[in-house]
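What follows is a single structure, written as structure tokens, with notes after it.
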Amino acid sequence: MYTLIDGKKTAADIRREIAAEVADIRKSGGRVPHLAAILVGNNPSSETYVANKVKDCEEVGFGSTLIRFDEKTGEKALIEKIRELNEDDSVDGFIVQLPLPAHISEERVIEAIDPEKDADGFHPVNIGRMVIGAPGFLPATPYGIVELIKRYNITTSGSNCVVIGRSNIVGRPVSILLSRKGMDATVTVVHSRTRNIGEIVKSADIIIAAIGSPDFVKADMVKEGAVVIDVGTTRIAAPDTKSGWRLAGDVDFGNVAPRCSYITPVPGGVGPMTRVSLLKNTLFAVTRREG
């Protein structure tokens with residue numbers, strides 16, 4: 001029988017821990033952390049994510065600011081706002097919600113963010129720090145995945161881990177985090193050009209599915225007792241629901257779960273951990289600055 005990895009409960013536990021730290025900061029006369037977000041346009045998924053981020057900040061006692069821009073906002077205006085936040089001493093960390101409209105370069109926007117306020121952990125400076133094992137802001141979703149694995153006491157040392165997907169947001173960074181000292185996994189990254197992908201995935205003790213393809217991981221790709229972390233969140237049509245859609249993961253949960261020792265659900269697995277990682281990065285910014 002598999003154990004369901006409850007990201008929602010784990011994130012709630014971490015928020016309580018952060019709230020206690022914030023209460024201590026307030027008692028000692030320190031400055032309460034402040035997390036800001038920039039939202040361009042009204043993408044429904046982004047709207048939901050940012051609204052939840054604001055609730056998370058309220059729950060732990062952070063200051064929170066949401067800055068909205070119209071879908072047609074130019075790149076120059078967005079980067080100017082980023083520079084303002086970089087120079088605003090009242091803001092400890094901020095994110096620019098992705099995806100951005102097609103006319104705005106995500107690369108240039110990410111590089112415009114001060115690495116010391118990069119709550120998402122996407123800036124090249126922070127990616128570089130992660131690679132060499134130096135202190136810094138970690139990419140939010142990989143950070144959340146590693147925290148889930150640790151809190152469920154899943155053995156990674158010497159384990160064979162296969163990461164499906166090579167994005168700069170999830171696949172590449174999580175492969176680095178899992179192979180670092182302290183985690184010590186042996187990591188293979190597979191992607192759309194990988195030959196015999198099913199055979200490689202089936203060799204894994206731990207599978208991280210982050211390819212963005214609903215139900216990609218089938219039961220015959222998973223060995224008995226494997227740990228499966230599903231990062232996929234694709235909206236698919238579901239006429240029987242009130243919204244007309246539902247979230248689908250990259251794993252065929254119903255058929256894969258019986259083969260697993262541990263598995264994350266979608267939703268309620270990795271998603272809540274991504275949000276709580278933003279809080280952890282912002283708190284890290286404050287504690288590092290205050291020494």
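By convention in this document, the chains of the structure tokens carry letters A, B, ... by their order, each chain's residues are numbered from 1, and ligands are numbered from 1 in the order they are shown.
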
Helix (DSSP H, G or I) positions in region 73-201 of chain A, given as an MDAnalysis selection string: chainID A and resid 75:87 106:112 115:117 124:132 140:151 171:179 197:201

Contact residues around Arg180 (chain A) with only C-alpha atoms at 10 Å, ignoring same-chain residues under 5 positions, as number ranges by chain: A: 130-133, 157, 174-175, 185-186

Write the residues you've just listed into a file as a PDB file, in the first residue's frame, and include C-alpha atoms for each of them.
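The resulting result_2.pdb:
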ATOM      1  CA  MET A 130      22.920  26.419  -6.170  1.00  0.00           C
ATOM      2  CA  VAL A 131      25.218  24.576  -8.571  1.00  0.00           C
ATOM      3  CA  ILE A 132      28.300  25.097  -6.390  1.00  0.00           C
ATOM      4  CA  GLY A 133      26.397  24.520  -3.131  1.00  0.00           C
ATOM      5  CA  SER A 157      21.587   8.670  -0.648  1.00  0.00           C
ATOM      6  CA  VAL A 174      15.943  19.608  -9.070  1.00  0.00           C
ATOM      7  CA  SER A 175      18.455  17.240 -10.671  1.00  0.00           C
ATOM      8  CA  ALA A 185      21.227  10.663  -5.288  1.00  0.00           C
ATOM      9  CA  THR A 186      22.478   9.386  -8.629  1.00  0.00           C
TER      10      THR A 186
END

Shell of 8 Å around region 12-15 of chain A, only C-alpha atoms, local chain residues under 3 positions omitted, as a PyMOL selection string: chain A and resi 8-9+18-19+56+59-60+276

Within 10 Å of Asp120 (chain A) using only C-alpha atoms, minus same-chain residues under 4 positions, as a list in words: Gly93, Phe94, Ile95, Val96, Gln97, Ile110, Pro115, Asn126, Phe137, Leu138, Pro139, Ala140, Thr141, Tyr143, Ile169, Thr274, Arg275, Ser277, Leu278, Leu279, Asn281 and Thr282 of chain A

Can those selected residues be exported to a file as a compact mmCIF listing (two decimals), in the first residue's frame so that it contains C-alpha atoms?
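Saved result, out.txt, follows:
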# COMPACT_ATOMS: atom_id res chain seq x y z
CA GLY A 93 11.72 39.57 -1.86
CA PHE A 94 9.52 39.62 -4.92
CA ILE A 95 8.43 37.54 -7.89
CA VAL A 96 7.33 38.33 -11.42
CA GLN A 97 4.59 35.81 -12.10
CA ILE A 110 14.48 37.54 -14.64
CA PRO A 115 19.56 38.37 -6.92
CA ASN A 126 21.22 32.15 -7.62
CA PHE A 137 17.77 31.52 -3.03
CA LEU A 138 16.67 28.13 -4.38
CA PRO A 139 14.19 27.73 -7.28
CA ALA A 140 10.82 27.48 -5.55
CA THR A 141 9.41 24.25 -6.99
CA TYR A 143 13.09 23.58 -3.20
CA ILE A 169 12.40 26.05 -13.64
CA THR A 274 6.15 25.83 -4.31
CA ARG A 275 4.24 28.63 -2.61
CA SER A 277 9.20 27.99 -0.72
CA LEU A 278 8.63 31.63 -1.69
CA LEU A 279 8.04 32.37 1.99
CA ASN A 281 13.29 32.36 0.45
CA THR A 282 11.92 35.71 1.65

Nearby residues (only C-alpha atoms) at most 12 Å from region 75-87 of chain A, same-chain spacing under 5 positions excluded, as number ranges by chain: A: 34-41, 65-70, 92-97, 100-119

Residues of the last selection are to be written out with N, CA and C atoms, as a short mmCIF file (atom, residue, chain, number, x, y, z; two decimals), in the first residue's frame.
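Writing the result to again.cif gives the following:
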data_model
loop_
_atom_site.label_atom_id
_atom_site.label_comp_id
_atom_site.auth_asym_id
_atom_site.auth_seq_id
_atom_site.Cartn_x
_atom_site.Cartn_y
_atom_site.Cartn_z
N HIS A 34 8.65 41.17 3.94
CA HIS A 34 7.69 41.73 2.98
C HIS A 34 7.95 41.09 1.62
N LEU A 35 6.94 40.39 1.11
CA LEU A 35 7.02 39.71 -0.18
C LEU A 35 6.07 40.39 -1.17
N ALA A 36 6.58 40.76 -2.32
CA ALA A 36 5.76 41.42 -3.35
C ALA A 36 5.66 40.53 -4.58
N ALA A 37 4.62 40.77 -5.38
CA ALA A 37 4.44 40.02 -6.63
C ALA A 37 3.98 40.97 -7.72
N ILE A 38 4.50 40.76 -8.92
CA ILE A 38 4.06 41.50 -10.10
C ILE A 38 3.29 40.54 -10.99
N LEU A 39 2.08 40.94 -11.36
CA LEU A 39 1.23 40.12 -12.23
C LEU A 39 0.91 40.92 -13.48
N VAL A 40 1.25 40.37 -14.64
CA VAL A 40 0.97 41.02 -15.92
C VAL A 40 -0.17 40.27 -16.61
N GLY A 41 -1.27 40.96 -16.89
CA GLY A 41 -2.41 40.31 -17.51
C GLY A 41 -3.29 39.61 -16.49
N THR A 65 2.51 42.71 -1.08
CA THR A 65 2.09 43.70 -2.06
C THR A 65 1.87 43.01 -3.40
N LEU A 66 0.75 43.31 -4.06
CA LEU A 66 0.47 42.80 -5.39
C LEU A 66 0.42 43.98 -6.37
N ILE A 67 1.26 43.92 -7.38
CA ILE A 67 1.34 44.99 -8.39
C ILE A 67 0.83 44.43 -9.71
N ARG A 68 -0.21 45.05 -10.25
CA ARG A 68 -0.83 44.56 -11.48
C ARG A 68 -0.48 45.42 -12.68
N PHE A 69 -0.27 44.76 -13.81
CA PHE A 69 -0.05 45.44 -15.07
C PHE A 69 -1.01 44.86 -16.12
N ASP A 70 -1.41 45.71 -17.05
CA ASP A 70 -2.25 45.28 -18.15
C ASP A 70 -1.49 44.32 -19.07
N ASP A 92 11.57 42.79 0.81
CA ASP A 92 12.66 41.83 1.03
C ASP A 92 12.80 40.85 -0.12
N GLY A 93 11.69 40.50 -0.74
CA GLY A 93 11.72 39.57 -1.86
C GLY A 93 10.53 39.82 -2.75
N PHE A 94 10.67 39.48 -4.03
CA PHE A 94 9.52 39.62 -4.92
C PHE A 94 9.63 38.64 -6.09
N ILE A 95 8.48 38.41 -6.72
CA ILE A 95 8.43 37.54 -7.89
C ILE A 95 7.75 38.30 -9.03
N VAL A 96 8.09 37.94 -10.24
CA VAL A 96 7.33 38.33 -11.42
C VAL A 96 6.64 37.06 -11.90
N GLN A 97 5.33 37.03 -11.81
CA GLN A 97 4.59 35.81 -12.10
C GLN A 97 4.73 35.43 -13.58
N LEU A 100 4.75 35.22 -18.91
CA LEU A 100 4.52 36.60 -19.31
C LEU A 100 3.97 36.64 -20.73
N PRO A 101 3.32 37.74 -21.12
CA PRO A 101 2.87 37.87 -22.51
C PRO A 101 4.03 37.68 -23.48
N ALA A 102 3.72 37.22 -24.68
CA ALA A 102 4.74 36.84 -25.66
C ALA A 102 5.69 37.97 -26.04
N HIS A 103 5.23 39.22 -25.92
CA HIS A 103 6.08 40.34 -26.35
C HIS A 103 7.11 40.74 -25.29
N ILE A 104 7.10 40.08 -24.14
CA ILE A 104 8.04 40.39 -23.06
C ILE A 104 9.01 39.22 -22.88
N SER A 105 10.30 39.52 -22.85
CA SER A 105 11.32 38.49 -22.68
C SER A 105 11.43 38.06 -21.22
N GLU A 106 11.08 36.82 -20.95
CA GLU A 106 11.20 36.31 -19.58
C GLU A 106 12.66 36.34 -19.12
N GLU A 107 13.58 36.04 -20.01
CA GLU A 107 15.00 36.04 -19.67
C GLU A 107 15.46 37.41 -19.20
N ARG A 108 15.10 38.45 -19.96
CA ARG A 108 15.53 39.80 -19.58
C ARG A 108 14.87 40.25 -18.28
N VAL A 109 13.63 39.86 -18.09
CA VAL A 109 12.92 40.22 -16.86
C VAL A 109 13.57 39.54 -15.65
N ILE A 110 13.85 38.26 -15.75
CA ILE A 110 14.48 37.54 -14.64
C ILE A 110 15.85 38.13 -14.31
N GLU A 111 16.62 38.47 -15.33
CA GLU A 111 17.95 39.02 -15.10
C GLU A 111 17.91 40.42 -14.51
N ALA A 112 16.77 41.11 -14.65
CA ALA A 112 16.64 42.46 -14.09
C ALA A 112 16.40 42.44 -12.58
N ILE A 113 15.97 41.30 -12.06
CA ILE A 113 15.68 41.18 -10.62
C ILE A 113 16.98 41.14 -9.82
N ASP A 114 17.02 41.89 -8.72
CA ASP A 114 18.16 41.84 -7.81
C ASP A 114 18.28 40.41 -7.25
N PRO A 115 19.42 39.73 -7.43
CA PRO A 115 19.56 38.37 -6.92
C PRO A 115 19.29 38.25 -5.43
N GLU A 116 19.47 39.35 -4.68
CA GLU A 116 19.24 39.32 -3.23
C GLU A 116 17.76 39.44 -2.87
N LYS A 117 16.91 39.66 -3.88
CA LYS A 117 15.46 39.74 -3.64
C LYS A 117 14.69 38.73 -4.50
N ASP A 118 15.39 37.80 -5.06
CA ASP A 118 14.86 36.85 -6.04
C ASP A 118 14.13 35.70 -5.35
N ALA A 119 12.89 35.94 -4.92
CA ALA A 119 12.15 34.95 -4.13
C ALA A 119 11.87 33.66 -4.91
#

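Take CA of Met273 (chain A) and CA of Val125 (chain A): the distance between them is 22.8 Å.
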
Test item, strand (DSSP E) assignment across region 1-235 of chain A, answer as an NGL selection string: :A and (3-4 or 34-40 or 63-69 or 93-96 or 160-164 or 186-190 or 206-209 or 226-230 or 234-235)

Residues of the last selection are to be written out with N, CA and C atoms, as a compact mmCIF listing (two decimals), in the first residue's frame.
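Ended up saving to result_4.txt:
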# COMPACT_ATOMS: atom_id res chain seq x y z
N THR A 3 1.98 5.30 0.37
CA THR A 3 1.75 6.45 1.25
C THR A 3 1.58 7.68 0.38
N LEU A 4 0.50 8.41 0.59
CA LEU A 4 0.25 9.64 -0.16
C LEU A 4 1.07 10.77 0.47
N HIS A 34 8.65 41.17 3.94
CA HIS A 34 7.69 41.73 2.98
C HIS A 34 7.95 41.09 1.62
N LEU A 35 6.94 40.39 1.11
CA LEU A 35 7.02 39.71 -0.18
C LEU A 35 6.07 40.39 -1.17
N ALA A 36 6.58 40.76 -2.32
CA ALA A 36 5.76 41.42 -3.35
C ALA A 36 5.66 40.53 -4.58
N ALA A 37 4.62 40.77 -5.38
CA ALA A 37 4.44 40.02 -6.63
C ALA A 37 3.98 40.97 -7.72
N ILE A 38 4.50 40.76 -8.92
CA ILE A 38 4.06 41.50 -10.10
C ILE A 38 3.29 40.54 -10.99
N LEU A 39 2.08 40.94 -11.36
CA LEU A 39 1.23 40.12 -12.23
C LEU A 39 0.91 40.92 -13.48
N VAL A 40 1.25 40.37 -14.64
CA VAL A 40 0.97 41.02 -15.92
C VAL A 40 -0.17 40.27 -16.61
N GLY A 63 4.37 41.02 5.37
CA GLY A 63 3.78 42.08 4.56
C GLY A 63 3.67 41.57 3.13
N SER A 64 2.67 42.03 2.40
CA SER A 64 2.45 41.53 1.03
C SER A 64 1.96 42.65 0.13
N THR A 65 2.51 42.71 -1.08
CA THR A 65 2.09 43.70 -2.06
C THR A 65 1.87 43.01 -3.40
N LEU A 66 0.75 43.31 -4.06
CA LEU A 66 0.47 42.80 -5.39
C LEU A 66 0.42 43.98 -6.37
N ILE A 67 1.26 43.92 -7.38
CA ILE A 67 1.34 44.99 -8.39
C ILE A 67 0.83 44.43 -9.71
N ARG A 68 -0.21 45.05 -10.25
CA ARG A 68 -0.83 44.56 -11.48
C ARG A 68 -0.48 45.42 -12.68
N PHE A 69 -0.27 44.76 -13.81
CA PHE A 69 -0.05 45.44 -15.07
C PHE A 69 -1.01 44.86 -16.12
N GLY A 93 11.69 40.50 -0.74
CA GLY A 93 11.72 39.57 -1.86
C GLY A 93 10.53 39.82 -2.75
N PHE A 94 10.67 39.48 -4.03
CA PHE A 94 9.52 39.62 -4.92
C PHE A 94 9.63 38.64 -6.09
N ILE A 95 8.48 38.41 -6.72
CA ILE A 95 8.43 37.54 -7.89
C ILE A 95 7.75 38.30 -9.03
N VAL A 96 8.09 37.94 -10.24
CA VAL A 96 7.33 38.33 -11.42
C VAL A 96 6.64 37.06 -11.90
N ASN A 160 18.72 5.74 -7.13
CA ASN A 160 18.70 6.06 -8.56
C ASN A 160 17.48 6.92 -8.82
N CYS A 161 17.70 8.18 -9.19
CA CYS A 161 16.60 9.13 -9.41
C CYS A 161 16.54 9.51 -10.88
N VAL A 162 15.35 9.45 -11.46
CA VAL A 162 15.16 9.88 -12.85
C VAL A 162 14.24 11.09 -12.86
N VAL A 163 14.73 12.17 -13.46
CA VAL A 163 13.95 13.40 -13.62
C VAL A 163 13.46 13.45 -15.06
N ILE A 164 12.15 13.55 -15.22
CA ILE A 164 11.56 13.62 -16.56
C ILE A 164 11.28 15.08 -16.87
N THR A 186 21.91 9.51 -7.29
CA THR A 186 22.48 9.39 -8.63
C THR A 186 21.36 9.73 -9.60
N VAL A 187 21.55 10.83 -10.34
CA VAL A 187 20.43 11.42 -11.09
C VAL A 187 20.61 11.29 -12.60
N THR A 188 19.55 10.86 -13.26
CA THR A 188 19.48 10.84 -14.73
C THR A 188 18.35 11.77 -15.16
N VAL A 189 18.62 12.61 -16.15
CA VAL A 189 17.59 13.49 -16.70
C VAL A 189 17.19 12.98 -18.08
N VAL A 190 15.88 12.72 -18.25
CA VAL A 190 15.37 12.30 -19.56
C VAL A 190 14.43 13.37 -20.09
N ILE A 206 13.42 6.77 -7.48
CA ILE A 206 12.64 8.00 -7.31
C ILE A 206 12.41 8.60 -8.69
N ILE A 207 11.16 8.92 -9.00
CA ILE A 207 10.81 9.55 -10.28
C ILE A 207 10.27 10.95 -10.01
N ILE A 208 10.86 11.93 -10.67
CA ILE A 208 10.34 13.31 -10.63
C ILE A 208 9.77 13.59 -12.01
N ALA A 209 8.45 13.67 -12.14
CA ALA A 209 7.81 13.88 -13.44
C ALA A 209 7.47 15.35 -13.62
N ALA A 226 8.66 2.20 -6.07
CA ALA A 226 9.27 3.48 -6.43
C ALA A 226 8.55 4.64 -5.73
N VAL A 227 9.29 5.75 -5.58
CA VAL A 227 8.73 7.00 -5.08
C VAL A 227 8.44 7.88 -6.30
N VAL A 228 7.23 8.42 -6.40
CA VAL A 228 6.86 9.22 -7.57
C VAL A 228 6.42 10.61 -7.13
N ILE A 229 7.11 11.62 -7.64
CA ILE A 229 6.78 13.02 -7.38
C ILE A 229 6.26 13.61 -8.68
N ASP A 230 4.99 13.98 -8.69
CA ASP A 230 4.32 14.49 -9.91
C ASP A 230 4.25 16.01 -9.85
N THR A 234 -1.56 20.41 -15.63
CA THR A 234 -2.14 20.81 -16.92
C THR A 234 -3.66 20.86 -16.79
N ARG A 235 -4.25 21.95 -17.26
CA ARG A 235 -5.71 22.05 -17.26
C ARG A 235 -6.26 21.25 -18.43

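Taking CA of Glu21 (chain A) and CA of Arg151 (chain A) as endpoints, the distance between them is 19.0 Å.
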
For CA of Asp215 (chain A) and CA of Ser45 (chain A), the interatomic separation in Å (one decimal):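 According to the coordinates, CA of Asp215 (chain A) and CA of Ser45 (chain A) are separated by 19.9 Å.
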
Spatial neighbours of Gly61 (chain A), 8 Å, only C-alpha atoms, chain gap at least 5 places, as a list in words: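 In the requested form, the answer reads Ala19, Val22, Ala23 and Val32 of chain A.
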
Counting only C-alpha atoms, the option among A:Ser46, A:Pro267, A:Ile211, A:Val231 closest to Pro142 (chain A): A:Val231

Selected residue of minimal separation from Ile5 (chain A) among A:Cys57, A:Met221, A:Ile127, A:Ile149, counting only C-alpha atoms: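 That would be A:Ile149, the residue with the smallest distance to Ile5 (chain A).
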
Which of A:Thr264, A:Ser213, A:Asn153, A:Thr287 sits closest to Ala248 (chain A) [using only C-alpha atoms]: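 Nearest to Ala248 (chain A): A:Ser213.
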
Counting only C-alpha atoms, the option among A:Lys53, A:Arg288, A:Lys150, A:Arg16 closest to Pro272 (chain A):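 Nearest candidate to Pro272 (chain A) out of A:Lys53, A:Arg288, A:Lys150, A:Arg16: A:Lys53.
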
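With only C-alpha atoms as the atoms that count, the residue of A:Gly7, A:Pro239, A:Gly121, A:Leu178 with the shortest distance to Val146 (chain A) is A:Leu178.
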